[in-house]
>>> print(open('model-v6.cif').read())   # mmCIF, N, CA and C atoms
data_query
#
loop_
_atom_site.label_atom_id
_atom_site.label_comp_id
_atom_site.auth_asym_id
_atom_site.auth_seq_id
_atom_site.Cartn_x
_atom_site.Cartn_y
_atom_site.Cartn_z
N MET B 20 9.44 -11.78 2.25
CA MET B 20 9.06 -11.19 0.99
C MET B 20 10.28 -10.45 0.45
N THR B 21 10.83 -10.95 -0.61
CA THR B 21 12.01 -10.32 -1.18
C THR B 21 11.75 -9.73 -2.55
N GLU B 22 10.61 -10.00 -3.10
CA GLU B 22 10.33 -9.54 -4.45
C GLU B 22 8.92 -9.00 -4.51
N LEU B 23 8.72 -7.96 -5.29
CA LEU B 23 7.40 -7.37 -5.43
C LEU B 23 6.97 -7.54 -6.88
N ALA B 24 5.89 -8.27 -7.06
CA ALA B 24 5.37 -8.45 -8.41
C ALA B 24 4.58 -7.21 -8.77
N ILE B 25 5.04 -6.50 -9.77
CA ILE B 25 4.37 -5.27 -10.17
C ILE B 25 3.32 -5.60 -11.21
N THR B 26 2.09 -5.25 -10.91
CA THR B 26 1.00 -5.42 -11.86
C THR B 26 0.32 -4.08 -12.02
N THR B 27 -0.44 -3.96 -13.05
CA THR B 27 -1.15 -2.71 -13.29
C THR B 27 -2.63 -2.98 -13.40
N THR B 28 -3.38 -1.92 -13.29
CA THR B 28 -4.84 -2.03 -13.42
C THR B 28 -5.28 -1.39 -14.73
N ARG B 29 -4.41 -1.44 -15.75
CA ARG B 29 -4.75 -0.86 -17.04
C ARG B 29 -6.02 -1.48 -17.59
N GLY B 30 -6.80 -0.63 -18.23
CA GLY B 30 -8.02 -1.13 -18.85
C GLY B 30 -9.24 -1.06 -17.95
N THR B 31 -9.04 -0.84 -16.66
CA THR B 31 -10.19 -0.73 -15.77
C THR B 31 -10.56 0.74 -15.64
N ALA B 32 -11.80 0.98 -15.26
CA ALA B 32 -12.26 2.36 -15.07
C ALA B 32 -11.46 3.03 -13.96
N ALA B 33 -11.10 2.27 -12.93
CA ALA B 33 -10.36 2.84 -11.81
C ALA B 33 -8.99 3.34 -12.26
N ALA B 34 -8.41 2.67 -13.23
CA ALA B 34 -7.07 3.06 -13.68
C ALA B 34 -7.09 4.38 -14.44
N GLN B 35 -8.26 4.79 -14.91
CA GLN B 35 -8.37 6.00 -15.70
C GLN B 35 -8.52 7.26 -14.85
N GLU B 36 -8.95 7.13 -13.61
CA GLU B 36 -9.13 8.31 -12.77
C GLU B 36 -7.84 8.64 -12.03
N PRO B 37 -7.60 9.92 -11.75
CA PRO B 37 -6.38 10.30 -11.03
C PRO B 37 -6.36 9.66 -9.63
N CYS B 38 -5.18 9.27 -9.20
CA CYS B 38 -5.09 8.63 -7.89
C CYS B 38 -3.74 8.91 -7.25
N VAL B 39 -3.66 8.62 -5.96
CA VAL B 39 -2.40 8.59 -5.22
C VAL B 39 -2.33 7.25 -4.52
N TRP B 40 -1.11 6.86 -4.22
CA TRP B 40 -0.87 5.63 -3.48
C TRP B 40 -0.34 6.03 -2.10
N ILE B 41 -0.99 5.53 -1.06
CA ILE B 41 -0.61 5.90 0.30
C ILE B 41 -0.01 4.68 1.01
N LEU B 42 1.22 4.87 1.48
CA LEU B 42 1.95 3.83 2.20
C LEU B 42 1.76 4.08 3.69
N GLU B 43 1.27 3.07 4.40
CA GLU B 43 1.01 3.18 5.83
C GLU B 43 1.56 1.96 6.56
N SER B 44 1.83 2.15 7.84
CA SER B 44 2.16 1.01 8.70
C SER B 44 1.62 1.29 10.09
N GLY B 45 1.41 0.21 10.84
CA GLY B 45 0.88 0.39 12.18
C GLY B 45 0.71 -0.92 12.90
N GLU B 46 -0.07 -0.85 13.96
CA GLU B 46 -0.36 -2.02 14.78
C GLU B 46 -1.86 -2.16 14.92
N ASP B 47 -2.32 -3.41 14.94
CA ASP B 47 -3.74 -3.67 15.14
C ASP B 47 -4.21 -2.99 16.42
N ASN B 48 -5.39 -2.46 16.43
CA ASN B 48 -6.02 -1.83 17.58
C ASN B 48 -5.30 -0.58 18.09
N GLU B 49 -4.26 -0.13 17.39
CA GLU B 49 -3.56 1.08 17.81
C GLU B 49 -3.44 2.09 16.68
N GLY B 50 -3.94 1.73 15.52
CA GLY B 50 -3.87 2.64 14.38
C GLY B 50 -2.54 2.56 13.68
N GLY B 51 -2.31 3.54 12.83
CA GLY B 51 -1.09 3.55 12.06
C GLY B 51 -0.72 4.96 11.65
N SER B 52 0.28 5.04 10.81
CA SER B 52 0.71 6.36 10.33
C SER B 52 1.08 6.27 8.86
N ILE B 53 0.95 7.40 8.20
CA ILE B 53 1.29 7.49 6.79
C ILE B 53 2.80 7.63 6.67
N LYS B 54 3.40 6.79 5.85
CA LYS B 54 4.84 6.80 5.63
C LYS B 54 5.21 7.49 4.32
N GLY B 55 4.24 7.60 3.41
CA GLY B 55 4.52 8.26 2.14
C GLY B 55 3.29 8.32 1.27
N VAL B 56 3.29 9.29 0.35
CA VAL B 56 2.22 9.45 -0.63
C VAL B 56 2.90 9.54 -1.99
N TYR B 57 2.41 8.75 -2.94
CA TYR B 57 3.07 8.62 -4.23
C TYR B 57 2.06 8.80 -5.36
N THR B 58 2.54 9.28 -6.49
CA THR B 58 1.67 9.44 -7.65
C THR B 58 1.59 8.17 -8.48
N ASP B 59 2.44 7.20 -8.18
CA ASP B 59 2.50 5.97 -8.95
C ASP B 59 2.90 4.82 -8.03
N ARG B 60 2.30 3.67 -8.24
CA ARG B 60 2.60 2.53 -7.39
C ARG B 60 4.06 2.10 -7.51
N ASP B 61 4.59 2.18 -8.70
CA ASP B 61 5.99 1.78 -8.90
C ASP B 61 6.94 2.65 -8.09
N LEU B 62 6.59 3.91 -7.91
CA LEU B 62 7.43 4.81 -7.10
C LEU B 62 7.46 4.39 -5.64
N ALA B 63 6.40 3.76 -5.19
CA ALA B 63 6.28 3.36 -3.79
C ALA B 63 6.86 1.98 -3.50
N ALA B 64 7.13 1.20 -4.53
CA ALA B 64 7.52 -0.20 -4.35
C ALA B 64 8.74 -0.37 -3.46
N ASP B 65 9.80 0.40 -3.70
CA ASP B 65 11.01 0.25 -2.89
C ASP B 65 10.77 0.61 -1.43
N ASP B 66 10.01 1.68 -1.18
CA ASP B 66 9.73 2.08 0.20
C ASP B 66 8.86 1.04 0.90
N PHE B 67 7.91 0.44 0.17
CA PHE B 67 7.08 -0.62 0.73
C PHE B 67 7.96 -1.79 1.17
N LEU B 68 8.84 -2.23 0.28
CA LEU B 68 9.72 -3.35 0.61
C LEU B 68 10.68 -3.01 1.74
N ASP B 69 11.18 -1.77 1.77
CA ASP B 69 12.05 -1.34 2.87
C ASP B 69 11.33 -1.43 4.21
N LEU B 70 10.07 -1.01 4.26
CA LEU B 70 9.29 -1.10 5.50
C LEU B 70 9.12 -2.55 5.93
N VAL B 71 8.84 -3.42 4.97
CA VAL B 71 8.68 -4.85 5.29
C VAL B 71 9.99 -5.40 5.85
N ARG B 72 11.09 -5.09 5.19
CA ARG B 72 12.39 -5.58 5.66
C ARG B 72 12.73 -5.04 7.05
N ASP B 73 12.51 -3.75 7.25
CA ASP B 73 12.80 -3.15 8.56
C ASP B 73 11.95 -3.78 9.66
N LEU B 74 10.67 -3.96 9.38
CA LEU B 74 9.78 -4.55 10.37
C LEU B 74 10.21 -5.98 10.68
N ALA B 75 10.58 -6.72 9.65
CA ALA B 75 11.02 -8.10 9.85
C ALA B 75 12.32 -8.16 10.65
N ARG B 76 13.21 -7.21 10.40
CA ARG B 76 14.50 -7.19 11.08
C ARG B 76 14.37 -6.79 12.54
N TYR B 77 13.59 -5.76 12.83
CA TYR B 77 13.54 -5.21 14.19
C TYR B 77 12.48 -5.83 15.08
N THR B 78 11.46 -6.41 14.49
CA THR B 78 10.40 -6.98 15.33
C THR B 78 10.25 -8.48 15.13
N ARG B 79 11.12 -9.05 14.32
CA ARG B 79 11.03 -10.48 14.00
C ARG B 79 9.64 -10.80 13.44
N LEU B 80 9.22 -9.98 12.50
CA LEU B 80 7.91 -10.13 11.87
C LEU B 80 7.77 -11.50 11.24
N ASP B 81 6.76 -12.22 11.67
CA ASP B 81 6.38 -13.47 11.02
C ASP B 81 5.12 -13.18 10.22
N VAL B 82 5.25 -13.12 8.92
CA VAL B 82 4.13 -12.76 8.06
C VAL B 82 3.09 -13.87 8.12
N ASP B 83 1.85 -13.49 8.51
CA ASP B 83 0.78 -14.47 8.51
C ASP B 83 -0.23 -14.21 7.39
N ARG B 84 -0.20 -13.00 6.83
CA ARG B 84 -1.05 -12.69 5.68
C ARG B 84 -0.33 -11.65 4.83
N SER B 85 -0.40 -11.82 3.54
CA SER B 85 0.13 -10.82 2.62
C SER B 85 -0.52 -11.04 1.27
N GLY B 86 -0.54 -10.01 0.47
CA GLY B 86 -1.12 -10.18 -0.84
C GLY B 86 -1.37 -8.89 -1.57
N GLU B 87 -2.09 -9.05 -2.66
CA GLU B 87 -2.41 -7.95 -3.55
C GLU B 87 -3.86 -8.06 -3.95
N ASP B 88 -4.57 -6.95 -3.92
CA ASP B 88 -5.95 -6.93 -4.40
C ASP B 88 -5.92 -6.98 -5.92
N PRO B 89 -6.53 -7.98 -6.53
CA PRO B 89 -6.45 -8.11 -7.98
C PRO B 89 -7.16 -7.00 -8.74
N ASP B 90 -8.11 -6.33 -8.12
CA ASP B 90 -8.86 -5.27 -8.79
C ASP B 90 -8.18 -3.92 -8.70
N THR B 91 -7.55 -3.61 -7.57
CA THR B 91 -6.99 -2.28 -7.36
C THR B 91 -5.47 -2.25 -7.38
N GLY B 92 -4.83 -3.40 -7.11
CA GLY B 92 -3.38 -3.43 -7.01
C GLY B 92 -2.87 -3.10 -5.63
N ASP B 93 -3.78 -2.87 -4.66
CA ASP B 93 -3.38 -2.58 -3.29
C ASP B 93 -2.54 -3.74 -2.75
N LEU B 94 -1.53 -3.41 -1.92
CA LEU B 94 -0.66 -4.41 -1.31
C LEU B 94 -0.79 -4.36 0.20
N TYR B 95 -0.62 -5.51 0.85
CA TYR B 95 -0.63 -5.53 2.31
C TYR B 95 0.25 -6.66 2.83
N VAL B 96 0.78 -6.43 4.00
CA VAL B 96 1.53 -7.44 4.75
C VAL B 96 1.08 -7.33 6.18
N HIS B 97 0.81 -8.48 6.81
CA HIS B 97 0.37 -8.51 8.20
C HIS B 97 1.13 -9.61 8.92
N GLY B 98 1.63 -9.30 10.11
CA GLY B 98 2.31 -10.29 10.92
C GLY B 98 2.14 -9.96 12.38
N GLY B 99 1.64 -10.93 13.14
CA GLY B 99 1.36 -10.67 14.55
C GLY B 99 0.34 -9.56 14.64
N CYS B 100 0.72 -8.43 15.25
CA CYS B 100 -0.20 -7.29 15.32
C CYS B 100 0.28 -6.13 14.43
N ASP B 101 1.34 -6.35 13.66
CA ASP B 101 1.88 -5.29 12.80
C ASP B 101 1.37 -5.44 11.37
N TRP B 102 1.22 -4.30 10.70
CA TRP B 102 0.77 -4.33 9.31
C TRP B 102 1.41 -3.20 8.51
N ILE B 103 1.47 -3.42 7.20
CA ILE B 103 1.95 -2.43 6.25
C ILE B 103 1.01 -2.51 5.05
N SER B 104 0.61 -1.36 4.53
CA SER B 104 -0.26 -1.37 3.36
C SER B 104 0.13 -0.28 2.38
N LEU B 105 -0.13 -0.55 1.12
CA LEU B 105 0.02 0.42 0.05
C LEU B 105 -1.32 0.43 -0.67
N THR B 106 -2.04 1.52 -0.51
CA THR B 106 -3.43 1.58 -0.96
C THR B 106 -3.64 2.70 -1.96
N ARG B 107 -4.42 2.41 -2.98
CA ARG B 107 -4.75 3.37 -4.02
C ARG B 107 -5.98 4.16 -3.59
N TYR B 108 -5.90 5.48 -3.69
CA TYR B 108 -7.02 6.36 -3.38
C TYR B 108 -7.27 7.29 -4.55
N ALA B 109 -8.53 7.42 -4.93
CA ALA B 109 -8.89 8.34 -6.01
C ALA B 109 -8.70 9.77 -5.54
N VAL B 110 -8.27 10.63 -6.45
CA VAL B 110 -8.08 12.04 -6.15
C VAL B 110 -9.26 12.82 -6.73
N THR B 111 -9.86 13.65 -5.92
CA THR B 111 -10.97 14.48 -6.39
C THR B 111 -10.39 15.68 -7.12
N THR B 112 -10.76 15.80 -8.38
CA THR B 112 -10.23 16.89 -9.19
C THR B 112 -11.28 17.96 -9.50
N ARG B 113 -12.50 17.68 -9.09
CA ARG B 113 -13.56 18.68 -9.28
C ARG B 113 -14.70 18.35 -8.33
N ARG B 114 -15.52 19.32 -8.09
CA ARG B 114 -16.64 19.15 -7.19
C ARG B 114 -17.64 18.16 -7.76
N GLN B 115 -18.12 17.28 -6.90
CA GLN B 115 -19.10 16.27 -7.31
C GLN B 115 -20.46 16.92 -7.53
N LEU B 116 -21.15 16.52 -8.58
CA LEU B 116 -22.51 16.98 -8.82
C LEU B 116 -23.46 16.14 -7.99
N ARG B 117 -24.42 16.79 -7.36
CA ARG B 117 -25.36 16.03 -6.52
C ARG B 117 -26.74 16.12 -7.05
#
>>> encode(input="model-v6.cif", output="structure tokens")
Amino acid sequence: MTELAITTTRGTAAAQEPCVWILESGEDNEGGSIKGVYTDRDLAADDFLDLVRDLARYTRLDVDRSGEDPDTGDLYVHGGCDWISLTRYAVTTRRQLR
């Protein structure tokens, strides 16, 4: 993966609520760790690609699944037992009414 196609979720209800993008990496069945938190997906793009490149270089990552969620813009790469994800999470800005 050498290029990241940047898309937006403009026009959807999800795009209107405040959010953060969380970059994570880890191993299947062993969990993962947060590598960064971003206010915008574009800000995270370079770090996402750097993680993919590093993983490919040091572990000989053979990507068996990768993609983008068309509704949220979430990104993921999976190879062997290693994974990297960039996921959108809504930010709570006020207490929910019950």
>>> select_by_dssp(input="model-v6.cif", residues="chain B", states="helix (DSSP H, G or I)", output="PyMOL selection string")
chain B and resi 32-35+60-78
>>> residues_around(input="model-v6.cif", residues="range 98-107 of chain B", least_positions_apart="3", cutoff="5 Å", atoms="all atoms listed in the file", output="VMD selection string")
chain B and resid 39 to 47 81 to 83 93 to 95
>>> select_by_dssp(input="model-v6.cif", residues="chain B", states="strand (DSSP E or B)", output="number ranges by chain")
B: 38-46, 50-57, 84-87, 94-98, 101-109
>>> atom_distance(input="model-v6.cif", atom1="atom N of Leu70 in chain B", atom2="atom N of Thr111 in chain B")
26.8 Å
>>> resolve_selection(input="model-v6.cif", expression="the PyMOL selection byres (((chain B and resi 58 and name CA) around 8) and name CA)", output="PyMOL selection string")
chain B and resi 38-40+56-57+59-60+62
>>> atom_distance(input="model-v6.cif", atom1="atom N of Pro89 in chain B", atom2="atom N of Arg114 in chain B")
28.8 Å
>>> atom_distance(input="model-v6.cif", atom1="CA of Val96 in chain B", atom2="atom N of Arg84 in chain B")
6.2 Å
>>> decode(input="model-v6.cif", residues="range 38-116 of chain B", atoms="C-alpha atoms", output="PDB file, in the first residue's frame")
ATOM      1  CA  CYS B  38     -15.305  13.022  16.369  1.00  0.00           C
ATOM      2  CA  VAL B  39     -11.730  11.870  16.823  1.00  0.00           C
ATOM      3  CA  TRP B  40      -9.777   9.406  14.742  1.00  0.00           C
ATOM      4  CA  ILE B  41      -7.869   6.759  16.687  1.00  0.00           C
ATOM      5  CA  LEU B  42      -4.878   5.024  15.126  1.00  0.00           C
ATOM      6  CA  GLU B  43      -4.161   1.578  16.585  1.00  0.00           C
ATOM      7  CA  SER B  44      -2.007  -1.421  15.810  1.00  0.00           C
ATOM      8  CA  GLY B  45      -1.665  -4.850  17.323  1.00  0.00           C
ATOM      9  CA  GLU B  46      -1.789  -8.581  16.922  1.00  0.00           C
ATOM     10  CA  ASP B  47      -4.770 -10.898  16.712  1.00  0.00           C
ATOM     11  CA  ASN B  48      -5.623 -12.503  20.067  1.00  0.00           C
ATOM     12  CA  GLU B  49      -3.134 -10.243  21.870  1.00  0.00           C
ATOM     13  CA  GLY B  50      -4.813  -6.871  21.621  1.00  0.00           C
ATOM     14  CA  GLY B  51      -3.284  -3.660  20.463  1.00  0.00           C
ATOM     15  CA  SER B  52      -2.251  -0.191  21.446  1.00  0.00           C
ATOM     16  CA  ILE B  53      -3.210   3.335  20.532  1.00  0.00           C
ATOM     17  CA  LYS B  54      -0.583   5.023  18.374  1.00  0.00           C
ATOM     18  CA  GLY B  55      -2.311   8.381  18.015  1.00  0.00           C
ATOM     19  CA  VAL B  56      -5.516  10.385  18.360  1.00  0.00           C
ATOM     20  CA  TYR B  57      -6.385  12.957  15.718  1.00  0.00           C
ATOM     21  CA  THR B  58      -9.091  15.551  15.180  1.00  0.00           C
ATOM     22  CA  ASP B  59      -9.141  14.899  11.441  1.00  0.00           C
ATOM     23  CA  ARG B  60      -8.592  11.829   9.295  1.00  0.00           C
ATOM     24  CA  ASP B  61      -6.265  13.705   6.967  1.00  0.00           C
ATOM     25  CA  LEU B  62      -3.984  14.492   9.911  1.00  0.00           C
ATOM     26  CA  ALA B  63      -3.650  10.774  10.618  1.00  0.00           C
ATOM     27  CA  ALA B  64      -3.022   9.646   7.040  1.00  0.00           C
ATOM     28  CA  ASP B  65       0.780   9.950   7.078  1.00  0.00           C
ATOM     29  CA  ASP B  66       1.106   8.176  10.442  1.00  0.00           C
ATOM     30  CA  PHE B  67      -1.215   5.391   9.227  1.00  0.00           C
ATOM     31  CA  LEU B  68       0.926   4.854   6.133  1.00  0.00           C
ATOM     32  CA  ASP B  69       4.141   5.017   8.192  1.00  0.00           C
ATOM     33  CA  LEU B  70       2.838   2.233  10.452  1.00  0.00           C
ATOM     34  CA  VAL B  71       1.961   0.106   7.423  1.00  0.00           C
ATOM     35  CA  ARG B  72       5.397   0.655   5.903  1.00  0.00           C
ATOM     36  CA  ASP B  73       7.193  -0.072   9.183  1.00  0.00           C
ATOM     37  CA  LEU B  74       5.195  -3.235   9.761  1.00  0.00           C
ATOM     38  CA  ALA B  75       5.848  -4.395   6.201  1.00  0.00           C
ATOM     39  CA  ARG B  76       9.565  -3.656   6.524  1.00  0.00           C
ATOM     40  CA  TYR B  77      10.198  -5.255   9.919  1.00  0.00           C
ATOM     41  CA  THR B  78       7.770  -8.160   9.915  1.00  0.00           C
ATOM     42  CA  ARG B  79       7.522  -8.867   6.200  1.00  0.00           C
ATOM     43  CA  LEU B  80       3.820  -8.095   6.389  1.00  0.00           C
ATOM     44  CA  ASP B  81       1.856  -9.809   3.655  1.00  0.00           C
ATOM     45  CA  VAL B  82      -1.408  -7.912   3.501  1.00  0.00           C
ATOM     46  CA  ASP B  83      -4.333 -10.319   3.274  1.00  0.00           C
ATOM     47  CA  ARG B  84      -7.094  -7.784   3.944  1.00  0.00           C
ATOM     48  CA  SER B  85      -7.259  -4.023   3.697  1.00  0.00           C
ATOM     49  CA  GLY B  86      -9.865  -1.452   2.948  1.00  0.00           C
ATOM     50  CA  GLU B  87     -12.066   1.418   3.894  1.00  0.00           C
ATOM     51  CA  ASP B  88     -15.542   1.449   5.368  1.00  0.00           C
ATOM     52  CA  PRO B  89     -17.638   3.360   2.832  1.00  0.00           C
ATOM     53  CA  ASP B  90     -19.975   4.742   5.509  1.00  0.00           C
ATOM     54  CA  THR B  91     -17.476   5.945   8.123  1.00  0.00           C
ATOM     55  CA  GLY B  92     -14.161   6.245   6.281  1.00  0.00           C
ATOM     56  CA  ASP B  93     -12.472   3.874   8.754  1.00  0.00           C
ATOM     57  CA  LEU B  94      -9.286   2.262   7.375  1.00  0.00           C
ATOM     58  CA  TYR B  95      -7.741  -1.107   8.160  1.00  0.00           C
ATOM     59  CA  VAL B  96      -4.853  -3.300   7.102  1.00  0.00           C
ATOM     60  CA  HIS B  97      -4.445  -6.922   8.195  1.00  0.00           C
ATOM     61  CA  GLY B  98      -1.629  -9.328   7.444  1.00  0.00           C
ATOM     62  CA  GLY B  99      -0.905 -12.624   9.133  1.00  0.00           C
ATOM     63  CA  CYS B 100      -1.751 -11.856  12.754  1.00  0.00           C
ATOM     64  CA  ASP B 101      -0.864  -8.133  12.604  1.00  0.00           C
ATOM     65  CA  TRP B 102      -3.338  -5.310  12.074  1.00  0.00           C
ATOM     66  CA  ILE B 103      -3.499  -1.530  11.850  1.00  0.00           C
ATOM     67  CA  SER B 104      -6.681   0.518  12.006  1.00  0.00           C
ATOM     68  CA  LEU B 105      -7.768   4.132  11.833  1.00  0.00           C
ATOM     69  CA  THR B 106     -11.226   4.385  13.328  1.00  0.00           C
ATOM     70  CA  ARG B 107     -13.641   7.272  13.746  1.00  0.00           C
ATOM     71  CA  TYR B 108     -15.197   7.683  17.198  1.00  0.00           C
ATOM     72  CA  ALA B 109     -17.905  10.157  18.134  1.00  0.00           C
ATOM     73  CA  VAL B 110     -17.005  12.591  20.906  1.00  0.00           C
ATOM     74  CA  THR B 111     -19.534  13.157  23.657  1.00  0.00           C
ATOM     75  CA  THR B 112     -19.949  16.882  24.113  1.00  0.00           C
ATOM     76  CA  ARG B 113     -22.861  16.825  26.534  1.00  0.00           C
ATOM     77  CA  ARG B 114     -24.671  14.460  28.812  1.00  0.00           C
ATOM     78  CA  GLN B 115     -27.115  12.142  27.085  1.00  0.00           C
ATOM     79  CA  LEU B 116     -30.788  12.537  27.957  1.00  0.00           C
TER      80      LEU B 116
END
